[in-house]
Protein chains: 2
Amino acid sequence: MLLNLEKIAHTDKKRVVIIGGGFAGLELAKTLSKADLQIVLIDKNNYHTFQPLLYQVATAGLEASSIIHPYRRIMQDQENFFFRMAEAQSIDTATNTLETSIGFIRYDYLVIATGATANFYGNTVLQEKAISLKSIEDALLLRNTIISNFEKALQVNDEEQLNSLMDFVIVGGGPTGVEIAGALSELRKHVFPKGFRELDFVNMDIHLIQSGPDLLKGMSPKASKKAYEYLEGFGVKVWLNRRVKSFDGYKVTLDNGEQLCSRILIWAAGVTGAPVEGLKAESMKGNQYLVDQYNRVSGYDNIFALGDIAAMVSPEHPDGCPMLAQPAIQQGRNLGHNILRYQAGKKPKPFRYNDRGSMATIGRNKAVADLKLFNREIRTQGFRAWLIWMFIHLISIIGFRNRLVVLINWVWKYLRYDAGIGVIIGARKENTPVEESVEKARI
Amino acid sequence: MLLNLEKIAHTDKKRVVIIGGGFAGLELAKTLSKADLQIVLIDKNNYHTFQPLLYQVATAGLEASSIIHPYRRIMQDQENFFFRMAEAQSIDTATNTLETSIGFIRYDYLVIATGATANFYGNTVLQEKAISLKSIEDALLLRNTIISNFEKALQVNDEEQLNSLMDFVIVGGGPTGVEIAGALSELRKHVFPKGFRELDFVNMDIHLIQSGPDLLKGMSPKASKKAYEYLEGFGVKVWLNRRVKSFDGYKVTLDNGEQLCSRILIWAAGVTGAPVEGLKAESMKGNQYLVDQYNRVSGYDNIFALGDIAAMVSPEHPDGCPMLAQPAIQQGRNLGHNILRYQAGKKPKPFRYNDRGSMATIGRNKAVADLKLFNREIRTQGFRAWLIWMFIHLISIIGFRNRLVVLINWVWKYLRYDAGIGVIIGARKENTPVEESVEKARI
């Protein structure tokens, strides 16, 4: 099929092709809103995902539609913007052409902002059986699987089977792992027992496994210690200095040989870049593109990489700029301004990461925040951090209506100890059918 | 696997097993909230669906989660209520046992409230290619397919191909058909052109095909005439006295041989009961159960049928009580009271259908309503009918939070001419791949 860009093609404007509409790609497109250029965004989904709240969709606190926004609506007033729903397949640098799943597109500037996917370090069984949290499909899969497993648990008397259906193993003690462990422990306390009166939620164990000695690596020791305390207080079993060796869909084996019984393993342990084929091997650093301080991919003049897919090594960040939302957004904005400078024949400005800090919420009134404002470091935990977390996430969601709906859901959950969206629609992960292990009986 | 009902089984209370948690089954369960009985609801989904607003989910106006509600939450304070997510398979009247997909369950009273499915009158190709609107999965499938087809239309220059991707054929001029035709014409006017600036929505035709001479059969001639006028005013092509002979996923052939080109055929033309196996053939009337004025299935004492699956023939309704929400709810309530009377050794009361009228909304400020209040008939059309329609639907939705979110979405859509939920998540219907007919090209 042709990539029909007739209206786009019949023009002499230069074309910026952006692959991926995450934080970086979307910010770049917006920054170029007034530019005398064609901006073409390619994404396999037709919507932007606000990833920091995926865990709340997974734990039935928010509707999927509250944290996603169609590109066509976000950009409907930007006349130089064009969207095509397609997957990028390979880059031909000789002809400045990108091949996509729906056809070929020529570019003047190519920007790769494909982000990251979960990194299973080559363990394909783990990859097949675990659930990660990088997309809205992942989040819905997790939600459906949790509720569906509890429905199955009603059928089971055997204690090990019960544990396998009601226990959770979360791998990775970063913000995602910590937040989902906290959210599950709140559901265990306030929500699940009301709906599933026949199940005993004393049986529900939440294991959080962290390979290093601290949770929330990269945050202050105080934040990391408080997060640990909060989770312990909520009854989450935190395993420090432990790694997962294998998971067969029923049993999790740790590096010390210990075994945990669970059908759900949530993988929040690491991410890796999702590159597009076609660039020189020398341009790569693992699965990321090596970029200079202008986000130019090493060895190319008109190809750029942004955000999680870019490895920008600097004296401050010898391992590359951190794979977080803020650097992605800031790189997108900086590149936008630089493209305008290229167009005006000016020199580009190097990227400087303005680290505003980071935070994680653990539960009701409990969060940790290390903030950097006006060169001051503010470290706060508990209720104040929780309010700041909510405020910042709320204003970051795209769209007034989405913000309003999220706010209503949060207020509702806070006042009523209720998580609203406990429905099963669509796929669930059927690890090791329960049918295998329990007989059919008649009552 | 066993249907493990340990806590349910270990009791000497009589058990009411309800198959299906639609309007009828749910109302029955609620009516029995204080009864000294066990109420066990079996449903293949874990949520109740507010079917009258499915068309708004399909046309991207509402989130799925706003019009569905998990049974466990609706009933969380009702102590005699138990839910099992399962499909009913067959009834063994000799042992008073129901076989389900997860095991067997004994009943004292069995209530069949399985509702209706789309009736394709045996046309299996039509059934495979068309989209009906009976479940939330149907609604999401339609939404995803519409948006996905427009994305594909961007790739196409051939006029017939464009028509096939942008045109709609709706079969059935009842409330569902009329409402979805109206909603699509509003999207064509206000919403789609903003997001898809490269498509010319003059190309989008909406065909509504009605087998009889009138739309909204069963409503007043005035309502039916007004609905026709409104739709014509919106540019919907209404075909009266026409039937669909066949649909191959690309071409719709009418009974007069005329052909329409469309990949989407929305089937709102008729429904049929969805019975459970195991009862005598003499108890059936087509796909419905013959019931007496107490909703008892003919030939059985302790088996009842409610709502769309029940054929209750009376002098007023020689073809059976109409297959609508109101009779279903009222039958559920009446049977609940009758079961309490059986328990108290009293005589049951016959069902009397209190027809409160019916209504349909066609679009912004435009609806038709034939209401019956205090034995007065009120017939109204236009803005007043539209306000009444919205008010009645809003208060009928279960859950305060859902009502609030629906209200916000409606107000937003009204003020901003915007339909918020135009995202593609999950399955779409791929009728006749576009790839077959368009060459791959390079720009």
# chains A, B, ... in the order shown; residues from 1 in each chain; ligands from 1
>>> select_by_dssp(residues="segment 152-375 of chain B", states="helix (DSSP H, G or I)", output="number ranges by chain")
B: 152-153, 159-166, 175-195, 201-203, 221-233, 281-283, 307-309, 325-343
>>> write_last_selection(atoms="C-alpha atoms", output="PDB file, in the first residue's frame")
ATOM      1  CA  LYS B 152      -6.605   3.933   6.168  1.00  0.00           C
ATOM      2  CA  ALA B 153      -8.631   6.324   4.028  1.00  0.00           C
ATOM      3  CA  GLU B 159     -12.937   6.970  -5.105  1.00  0.00           C
ATOM      4  CA  GLU B 160     -14.651   3.631  -4.555  1.00  0.00           C
ATOM      5  CA  GLN B 161     -12.031   2.651  -1.973  1.00  0.00           C
ATOM      6  CA  LEU B 162     -12.516   5.985  -0.242  1.00  0.00           C
ATOM      7  CA  ASN B 163     -16.262   5.436  -0.112  1.00  0.00           C
ATOM      8  CA  SER B 164     -15.806   1.939   1.219  1.00  0.00           C
ATOM      9  CA  LEU B 165     -13.730   3.302   4.105  1.00  0.00           C
ATOM     10  CA  MET B 166     -15.749   6.426   4.876  1.00  0.00           C
ATOM     11  CA  PRO B 175     -33.997   3.559  18.392  1.00  0.00           C
ATOM     12  CA  THR B 176     -30.466   2.111  18.077  1.00  0.00           C
ATOM     13  CA  GLY B 177     -30.287   2.621  14.310  1.00  0.00           C
ATOM     14  CA  VAL B 178     -31.738   6.119  14.480  1.00  0.00           C
ATOM     15  CA  GLU B 179     -29.498   7.172  17.359  1.00  0.00           C
ATOM     16  CA  ILE B 180     -26.302   5.897  15.797  1.00  0.00           C
ATOM     17  CA  ALA B 181     -27.153   7.495  12.430  1.00  0.00           C
ATOM     18  CA  GLY B 182     -27.717  10.806  14.208  1.00  0.00           C
ATOM     19  CA  ALA B 183     -24.511  10.506  16.224  1.00  0.00           C
ATOM     20  CA  LEU B 184     -22.438   9.719  13.114  1.00  0.00           C
ATOM     21  CA  SER B 185     -23.895  12.674  11.239  1.00  0.00           C
ATOM     22  CA  GLU B 186     -22.915  14.961  14.119  1.00  0.00           C
ATOM     23  CA  LEU B 187     -19.378  13.575  14.096  1.00  0.00           C
ATOM     24  CA  ARG B 188     -19.236  14.101  10.321  1.00  0.00           C
ATOM     25  CA  LYS B 189     -20.226  17.744  10.728  1.00  0.00           C
ATOM     26  CA  HIS B 190     -18.329  18.821  13.825  1.00  0.00           C
ATOM     27  CA  VAL B 191     -15.661  16.372  14.880  1.00  0.00           C
ATOM     28  CA  PHE B 192     -14.084  14.243  12.150  1.00  0.00           C
ATOM     29  CA  PRO B 193     -13.099  17.148   9.833  1.00  0.00           C
ATOM     30  CA  LYS B 194     -11.054  18.727  12.640  1.00  0.00           C
ATOM     31  CA  GLY B 195      -8.989  15.621  13.280  1.00  0.00           C
ATOM     32  CA  PHE B 201     -16.088  14.456   4.622  1.00  0.00           C
ATOM     33  CA  VAL B 202     -18.387  15.270   1.739  1.00  0.00           C
ATOM     34  CA  ASN B 203     -17.378  11.710   0.835  1.00  0.00           C
ATOM     35  CA  PRO B 221     -46.620   8.628  13.807  1.00  0.00           C
ATOM     36  CA  LYS B 222     -45.558  12.141  14.859  1.00  0.00           C
ATOM     37  CA  ALA B 223     -42.369  10.868  16.530  1.00  0.00           C
ATOM     38  CA  SER B 224     -41.551   8.660  13.594  1.00  0.00           C
ATOM     39  CA  LYS B 225     -42.101  11.504  11.105  1.00  0.00           C
ATOM     40  CA  LYS B 226     -40.002  13.953  13.162  1.00  0.00           C
ATOM     41  CA  ALA B 227     -37.169  11.458  13.469  1.00  0.00           C
ATOM     42  CA  TYR B 228     -37.204  11.091   9.690  1.00  0.00           C
ATOM     43  CA  GLU B 229     -37.124  14.862   9.221  1.00  0.00           C
ATOM     44  CA  TYR B 230     -34.282  15.334  11.681  1.00  0.00           C
ATOM     45  CA  LEU B 231     -32.200  12.644  10.014  1.00  0.00           C
ATOM     46  CA  GLU B 232     -32.857  14.014   6.526  1.00  0.00           C
ATOM     47  CA  GLY B 233     -31.904  17.446   7.849  1.00  0.00           C
ATOM     48  CA  ALA B 281     -39.190 -28.004  23.396  1.00  0.00           C
ATOM     49  CA  GLU B 282     -42.800 -27.217  24.383  1.00  0.00           C
ATOM     50  CA  SER B 283     -41.484 -24.510  26.720  1.00  0.00           C
ATOM     51  CA  GLY B 307     -37.061  -9.774  29.960  1.00  0.00           C
ATOM     52  CA  ASP B 308     -35.957 -10.335  26.377  1.00  0.00           C
ATOM     53  CA  ILE B 309     -35.689 -14.101  26.784  1.00  0.00           C
ATOM     54  CA  ALA B 325     -35.540  -2.308  29.219  1.00  0.00           C
ATOM     55  CA  GLN B 326     -38.701  -1.233  31.045  1.00  0.00           C
ATOM     56  CA  PRO B 327     -40.626  -4.542  30.857  1.00  0.00           C
ATOM     57  CA  ALA B 328     -37.416  -6.371  31.840  1.00  0.00           C
ATOM     58  CA  ILE B 329     -36.924  -4.214  34.949  1.00  0.00           C
ATOM     59  CA  GLN B 330     -40.586  -4.445  35.917  1.00  0.00           C
ATOM     60  CA  GLN B 331     -40.661  -8.228  35.461  1.00  0.00           C
ATOM     61  CA  GLY B 332     -37.534  -8.556  37.597  1.00  0.00           C
ATOM     62  CA  ARG B 333     -39.161  -6.538  40.364  1.00  0.00           C
ATOM     63  CA  ASN B 334     -42.466  -8.425  40.131  1.00  0.00           C
ATOM     64  CA  LEU B 335     -40.759 -11.802  40.248  1.00  0.00           C
ATOM     65  CA  GLY B 336     -38.726 -10.677  43.263  1.00  0.00           C
ATOM     66  CA  HIS B 337     -41.917  -9.830  45.132  1.00  0.00           C
ATOM     67  CA  ASN B 338     -43.501 -13.098  43.987  1.00  0.00           C
ATOM     68  CA  ILE B 339     -40.565 -15.177  45.246  1.00  0.00           C
ATOM     69  CA  LEU B 340     -40.999 -13.484  48.627  1.00  0.00           C
ATOM     70  CA  ARG B 341     -44.700 -14.401  48.441  1.00  0.00           C
ATOM     71  CA  TYR B 342     -43.871 -18.042  47.584  1.00  0.00           C
ATOM     72  CA  GLN B 343     -41.581 -18.104  50.596  1.00  0.00           C
TER      73      GLN B 343
END
>>> select_by_dssp(residues="segment 158-293 of chain A", states="strand (DSSP E or B)", output="number ranges by chain")
A: 168-171, 206-209, 217, 219, 237-239, 244-247, 251-254, 259-261, 264-267, 271-273, 277, 284-285, 288-291
>>> write_last_selection(atoms="N, CA and C atoms", output="JSON list (two decimals), in the first residue's frame")
[["chain", "number", "residue", "atom", "x", "y", "z"],
["A", 168, "PHE", "N", 1.25, -11.43, 44.51],
["A", 168, "PHE", "CA", 1.86, -10.62, 43.46],
["A", 168, "PHE", "C", 3.36, -10.55, 43.68],
["A", 169, "VAL", "N", 4.10, -10.68, 42.59],
["A", 169, "VAL", "CA", 5.53, -10.44, 42.65],
["A", 169, "VAL", "C", 5.84, -9.28, 41.71],
["A", 170, "ILE", "N", 6.41, -8.23, 42.28],
["A", 170, "ILE", "CA", 6.77, -7.06, 41.49],
["A", 170, "ILE", "C", 8.29, -6.99, 41.45],
["A", 171, "VAL", "N", 8.86, -6.91, 40.28],
["A", 171, "VAL", "CA", 10.31, -6.89, 40.17],
["A", 171, "VAL", "C", 10.74, -5.49, 39.76],
["A", 206, "ILE", "N", 2.17, -9.37, 48.79],
["A", 206, "ILE", "CA", 2.75, -8.51, 47.75],
["A", 206, "ILE", "C", 4.26, -8.49, 47.97],
["A", 207, "HIS", "N", 5.00, -9.05, 47.02],
["A", 207, "HIS", "CA", 6.45, -9.08, 47.10],
["A", 207, "HIS", "C", 7.04, -8.05, 46.16],
["A", 208, "LEU", "N", 7.96, -7.24, 46.67],
["A", 208, "LEU", "CA", 8.66, -6.28, 45.83],
["A", 208, "LEU", "C", 10.15, -6.64, 45.86],
["A", 209, "ILE", "N", 10.68, -6.93, 44.69],
["A", 209, "ILE", "CA", 12.05, -7.43, 44.61],
["A", 209, "ILE", "C", 12.96, -6.40, 43.96],
["A", 217, "LYS", "N", 16.38, 4.05, 43.60],
["A", 217, "LYS", "CA", 17.77, 4.40, 43.30],
["A", 217, "LYS", "C", 17.81, 5.73, 42.54],
["A", 219, "MET", "N", 17.21, 8.60, 43.96],
["A", 219, "MET", "CA", 16.64, 9.61, 44.85],
["A", 219, "MET", "C", 17.48, 9.68, 46.11],
["A", 237, "LYS", "N", 6.09, -7.05, 51.26],
["A", 237, "LYS", "CA", 7.34, -7.74, 51.58],
["A", 237, "LYS", "C", 8.43, -7.29, 50.61],
["A", 238, "VAL", "N", 9.31, -6.45, 51.11],
["A", 238, "VAL", "CA", 10.36, -5.90, 50.25],
["A", 238, "VAL", "C", 11.61, -6.77, 50.35],
["A", 239, "TRP", "N", 12.08, -7.27, 49.21],
["A", 239, "TRP", "CA", 13.29, -8.10, 49.16],
["A", 239, "TRP", "C", 14.39, -7.26, 48.53],
["A", 244, "VAL", "N", 15.44, -11.90, 40.29],
["A", 244, "VAL", "CA", 14.63, -13.01, 39.82],
["A", 244, "VAL", "C", 15.44, -13.82, 38.81],
["A", 245, "LYS", "N", 15.54, -15.12, 39.06],
["A", 245, "LYS", "CA", 16.27, -15.98, 38.14],
["A", 245, "LYS", "C", 15.34, -16.51, 37.05],
["A", 246, "SER", "N", 14.15, -16.94, 37.45],
["A", 246, "SER", "CA", 13.21, -17.46, 36.44],
["A", 246, "SER", "C", 11.77, -17.36, 36.92],
["A", 247, "PHE", "N", 10.85, -17.45, 35.97],
["A", 247, "PHE", "CA", 9.41, -17.43, 36.25],
["A", 247, "PHE", "C", 8.74, -18.30, 35.20],
["A", 251, "LYS", "N", 5.62, -20.25, 39.36],
["A", 251, "LYS", "CA", 6.60, -20.14, 40.43],
["A", 251, "LYS", "C", 7.69, -19.16, 40.01],
["A", 252, "VAL", "N", 8.05, -18.27, 40.95],
["A", 252, "VAL", "CA", 9.14, -17.34, 40.74],
["A", 252, "VAL", "C", 10.35, -17.85, 41.52],
["A", 253, "THR", "N", 11.47, -18.02, 40.84],
["A", 253, "THR", "CA", 12.68, -18.47, 41.54],
["A", 253, "THR", "C", 13.66, -17.30, 41.65],
["A", 254, "LEU", "N", 14.11, -17.06, 42.87],
["A", 254, "LEU", "CA", 15.06, -15.96, 43.11],
["A", 254, "LEU", "C", 16.49, -16.46, 42.98],
["A", 259, "GLN", "N", 11.76, -19.71, 46.43],
["A", 259, "GLN", "CA", 10.67, -19.68, 45.46],
["A", 259, "GLN", "C", 9.44, -18.99, 46.01],
["A", 260, "LEU", "N", 8.79, -18.21, 45.16],
["A", 260, "LEU", "CA", 7.52, -17.58, 45.51],
["A", 260, "LEU", "C", 6.48, -18.10, 44.53],
["A", 261, "CYS", "N", 5.27, -18.33, 45.03],
["A", 261, "CYS", "CA", 4.23, -18.87, 44.17],
["A", 261, "CYS", "C", 3.29, -17.74, 43.73],
["A", 264, "ILE", "N", 1.16, -13.94, 38.71],
["A", 264, "ILE", "CA", 1.39, -12.60, 38.16],
["A", 264, "ILE", "C", 2.76, -12.11, 38.58],
["A", 265, "LEU", "N", 3.61, -11.87, 37.60],
["A", 265, "LEU", "CA", 4.89, -11.23, 37.86],
["A", 265, "LEU", "C", 4.90, -9.92, 37.08],
["A", 266, "ILE", "N", 4.99, -8.83, 37.83],
["A", 266, "ILE", "CA", 4.98, -7.51, 37.20],
["A", 266, "ILE", "C", 6.43, -7.07, 37.03],
["A", 267, "TRP", "N", 6.82, -6.82, 35.81],
["A", 267, "TRP", "CA", 8.21, -6.54, 35.49],
["A", 267, "TRP", "C", 8.42, -5.03, 35.35],
["A", 271, "VAL", "N", 14.52, -0.98, 31.46],
["A", 271, "VAL", "CA", 14.04, -0.72, 30.12],
["A", 271, "VAL", "C", 15.22, -0.69, 29.17],
["A", 272, "THR", "N", 14.92, -0.85, 27.92],
["A", 272, "THR", "CA", 15.95, -0.77, 26.90],
["A", 272, "THR", "C", 15.37, -0.04, 25.69],
["A", 273, "GLY", "N", 16.23, 0.60, 24.93],
["A", 273, "GLY", "CA", 15.76, 1.36, 23.78],
["A", 273, "GLY", "C", 15.09, 0.48, 22.74],
["A", 277, "GLU", "N", 15.77, 0.06, 12.43],
["A", 277, "GLU", "CA", 16.89, -0.45, 11.63],
["A", 277, "GLU", "C", 17.41, 0.57, 10.62],
["A", 284, "MET", "N", 25.40, 3.31, 17.43],
["A", 284, "MET", "CA", 24.64, 2.72, 18.53],
["A", 284, "MET", "C", 25.49, 2.56, 19.78],
["A", 285, "LYS", "N", 24.82, 2.66, 20.92],
["A", 285, "LYS", "CA", 25.40, 2.27, 22.19],
["A", 285, "LYS", "C", 24.37, 1.31, 22.79],
["A", 288, "GLN", "N", 20.56, 1.98, 22.23],
["A", 288, "GLN", "CA", 20.30, 3.41, 22.10],
["A", 288, "GLN", "C", 21.16, 4.01, 20.99],
["A", 289, "TYR", "N", 20.76, 5.20, 20.54],
["A", 289, "TYR", "CA", 21.59, 5.92, 19.57],
["A", 289, "TYR", "C", 22.52, 6.87, 20.31],
["A", 290, "LEU", "N", 23.80, 6.82, 19.94],
["A", 290, "LEU", "CA", 24.76, 7.77, 20.49],
["A", 290, "LEU", "C", 24.46, 9.15, 19.91],
["A", 291, "VAL", "N", 24.21, 10.12, 20.75],
["A", 291, "VAL", "CA", 23.93, 11.47, 20.23],
["A", 291, "VAL", "C", 24.89, 12.47, 20.86]]
>>> closest_residue(among="B:Leu240, B:Ala360, B:Ile147, B:Leu32", to="chain A", atoms="only C-alpha atoms")
B:Ile147
>>> residues_around(residues="segment 78-87 of chain B", least_positions_apart="2", cutoff="9 Å", atoms="only C-alpha atoms", output="PyMOL selection string")
(chain A and resi 148+151-152+154+197-198) or (chain B and resi 3+8+19+29-30+32-46+71-72+74-76+89+99-103)
>>> write_last_selection(atoms="N, CA and C atoms", output="CSV table (one decimal), in the first residue's frame")
chain,number,residue,atom,x,y,z
A,148,SER,N,-9.5,-11.2,37.1
A,148,SER,CA,-9.9,-12.5,36.6
A,148,SER,C,-9.3,-13.6,37.5
A,151,GLU,N,-11.4,-13.9,40.5
A,151,GLU,CA,-12.7,-14.7,40.2
A,151,GLU,C,-12.3,-16.2,40.3
A,152,LYS,N,-11.1,-16.6,39.7
A,152,LYS,CA,-10.8,-18.0,39.7
A,152,LYS,C,-10.5,-18.5,41.2
A,154,LEU,N,-11.9,-17.9,43.8
A,154,LEU,CA,-13.2,-18.3,44.4
A,154,LEU,C,-13.4,-19.8,44.3
A,197,ARG,N,-16.1,-10.9,49.1
A,197,ARG,CA,-16.3,-11.2,50.5
A,197,ARG,C,-15.9,-12.6,50.9
A,198,GLU,N,-15.9,-13.5,49.9
A,198,GLU,CA,-15.6,-14.9,50.2
A,198,GLU,C,-14.1,-15.3,50.2
B,3,LEU,N,-17.2,-25.9,40.7
B,3,LEU,CA,-17.8,-24.6,41.0
B,3,LEU,C,-17.8,-24.6,42.5
B,8,ILE,N,-21.4,-20.7,50.2
B,8,ILE,CA,-22.8,-20.7,49.7
B,8,ILE,C,-23.5,-22.0,50.0
B,19,ILE,N,-29.4,-16.4,36.0
B,19,ILE,CA,-28.5,-16.4,34.8
B,19,ILE,C,-28.6,-15.1,34.1
B,29,ALA,N,-32.3,-9.4,41.6
B,29,ALA,CA,-31.3,-9.5,42.7
B,29,ALA,C,-31.5,-8.4,43.8
B,30,LYS,N,-31.7,-7.2,43.3
B,30,LYS,CA,-31.8,-6.1,44.2
B,30,LYS,C,-33.1,-6.2,45.0
B,32,LEU,N,-34.6,-8.7,46.0
B,32,LEU,CA,-34.5,-9.8,47.0
B,32,LEU,C,-33.4,-9.5,48.0
B,33,SER,N,-33.0,-8.2,48.1
B,33,SER,CA,-31.9,-7.8,49.0
B,33,SER,C,-32.1,-8.2,50.5
B,34,LYS,N,-33.3,-8.2,50.9
B,34,LYS,CA,-33.5,-8.5,52.3
B,34,LYS,C,-34.1,-9.9,52.5
B,35,ALA,N,-34.1,-10.7,51.5
B,35,ALA,CA,-34.8,-12.0,51.6
B,35,ALA,C,-33.9,-13.0,52.3
B,36,ASP,N,-34.5,-13.9,53.0
B,36,ASP,CA,-33.8,-14.9,53.7
B,36,ASP,C,-33.5,-16.1,52.7
B,37,LEU,N,-32.7,-15.7,51.6
B,37,LEU,CA,-32.4,-16.6,50.5
B,37,LEU,C,-31.0,-16.4,50.1
B,38,GLN,N,-30.4,-17.4,49.4
B,38,GLN,CA,-29.1,-17.1,48.7
B,38,GLN,C,-29.4,-16.7,47.3
B,39,ILE,N,-28.8,-15.6,46.9
B,39,ILE,CA,-29.0,-15.1,45.5
B,39,ILE,C,-27.6,-15.3,44.9
B,40,VAL,N,-27.6,-16.2,43.8
B,40,VAL,CA,-26.4,-16.4,43.1
B,40,VAL,C,-26.6,-15.9,41.7
B,41,LEU,N,-25.8,-14.9,41.3
B,41,LEU,CA,-25.8,-14.4,39.9
B,41,LEU,C,-24.7,-15.0,39.1
B,42,ILE,N,-25.0,-15.6,37.9
B,42,ILE,CA,-24.1,-16.1,37.0
B,42,ILE,C,-24.1,-15.2,35.8
B,43,ASP,N,-22.9,-14.7,35.4
B,43,ASP,CA,-22.8,-13.9,34.2
B,43,ASP,C,-21.5,-14.1,33.5
B,44,LYS,N,-21.4,-14.0,32.2
B,44,LYS,CA,-20.1,-14.2,31.6
B,44,LYS,C,-19.2,-13.0,31.7
B,45,ASN,N,-19.8,-11.8,32.0
B,45,ASN,CA,-19.0,-10.6,32.3
B,45,ASN,C,-19.1,-10.4,33.8
B,46,ASN,N,-18.1,-9.6,34.3
B,46,ASN,CA,-18.2,-9.3,35.7
B,46,ASN,C,-18.9,-7.9,35.9
B,71,TYR,N,-20.6,-6.0,39.0
B,71,TYR,CA,-21.7,-6.6,39.9
B,71,TYR,C,-21.2,-6.5,41.4
B,72,ARG,N,-19.9,-6.9,41.6
B,72,ARG,CA,-19.5,-7.0,43.0
B,72,ARG,C,-19.6,-5.6,43.7
B,74,ILE,N,-21.8,-3.0,42.7
B,74,ILE,CA,-23.2,-2.7,42.8
B,74,ILE,C,-23.8,-3.4,44.1
B,75,MET,N,-23.4,-4.6,44.3
B,75,MET,CA,-24.1,-5.4,45.3
B,75,MET,C,-23.2,-5.6,46.6
B,76,GLN,N,-22.2,-4.8,46.7
B,76,GLN,CA,-21.2,-5.1,47.8
B,76,GLN,C,-21.8,-5.0,49.2
B,89,GLN,N,-24.4,-23.4,30.8
B,89,GLN,CA,-24.4,-24.3,29.7
B,89,GLN,C,-25.6,-25.1,29.5
B,99,GLU,N,-25.5,-26.6,34.8
B,99,GLU,CA,-24.1,-26.7,34.5
B,99,GLU,C,-23.6,-25.4,34.0
B,100,THR,N,-22.5,-25.0,34.5
B,100,THR,CA,-21.8,-23.8,33.9
B,100,THR,C,-20.4,-24.1,33.5
B,101,SER,N,-19.8,-23.1,32.9
B,101,SER,CA,-18.4,-23.3,32.4
B,101,SER,C,-17.4,-23.6,33.5
B,102,ILE,N,-17.8,-23.2,34.7
B,102,ILE,CA,-16.8,-23.5,35.8
B,102,ILE,C,-17.4,-24.5,36.8
B,103,GLY,N,-18.5,-25.2,36.5
B,103,GLY,CA,-18.9,-26.3,37.4
B,103,GLY,C,-20.5,-26.3,37.5
>>> atom_distance(atom1="atom CA of Asn295 of chain B", atom2="atom CA of Asn354 of chain B")
15.6 Å
>>> closest_residue(among="A:Ala24, A:Ile392, A:Leu140, A:Ile303", to="chain B", atoms="only C-alpha atoms")
A:Leu140
>>> closest_residue(among="A:Gly382, A:Pro70, A:Gly22, A:Gly320", to="chain B", atoms="only C-alpha atoms")
A:Pro70
>>> closest_residue(among="B:Gly257, B:Gly61, B:Gly363, B:Gly25", to="chain A", atoms="only C-alpha atoms")
B:Gly61
>>> atom_distance(atom1="atom CA of Ala269 of chain B", atom2="atom CA of Phe23 of chain B")
20.9 Å
>>> closest_residue(among="A:Tyr250, A:Tyr47, A:Phe383, A:Phe150", to="chain B", atoms="only C-alpha atoms")
A:Tyr47
>>> atom_distance(atom1="atom CA of Ala94 of chain A", atom2="atom CA of Lys280 of chain A")
12.0 Å
>>> closest_residue(among="A:Thr114, A:Ser396, A:Gln127, A:Thr95", to="chain B", atoms="only C-alpha atoms")
A:Thr95
>>> residues_around(residues="Leu373 of chain B", least_positions_apart="2", cutoff="12 Å", atoms="only C-alpha atoms", output="list in words")
Asn354, Asp355, Arg356, Gly357, Ser358, Asp370, Leu371, Asn375, Arg376, Glu377, Ile378 and Arg379 of chain B
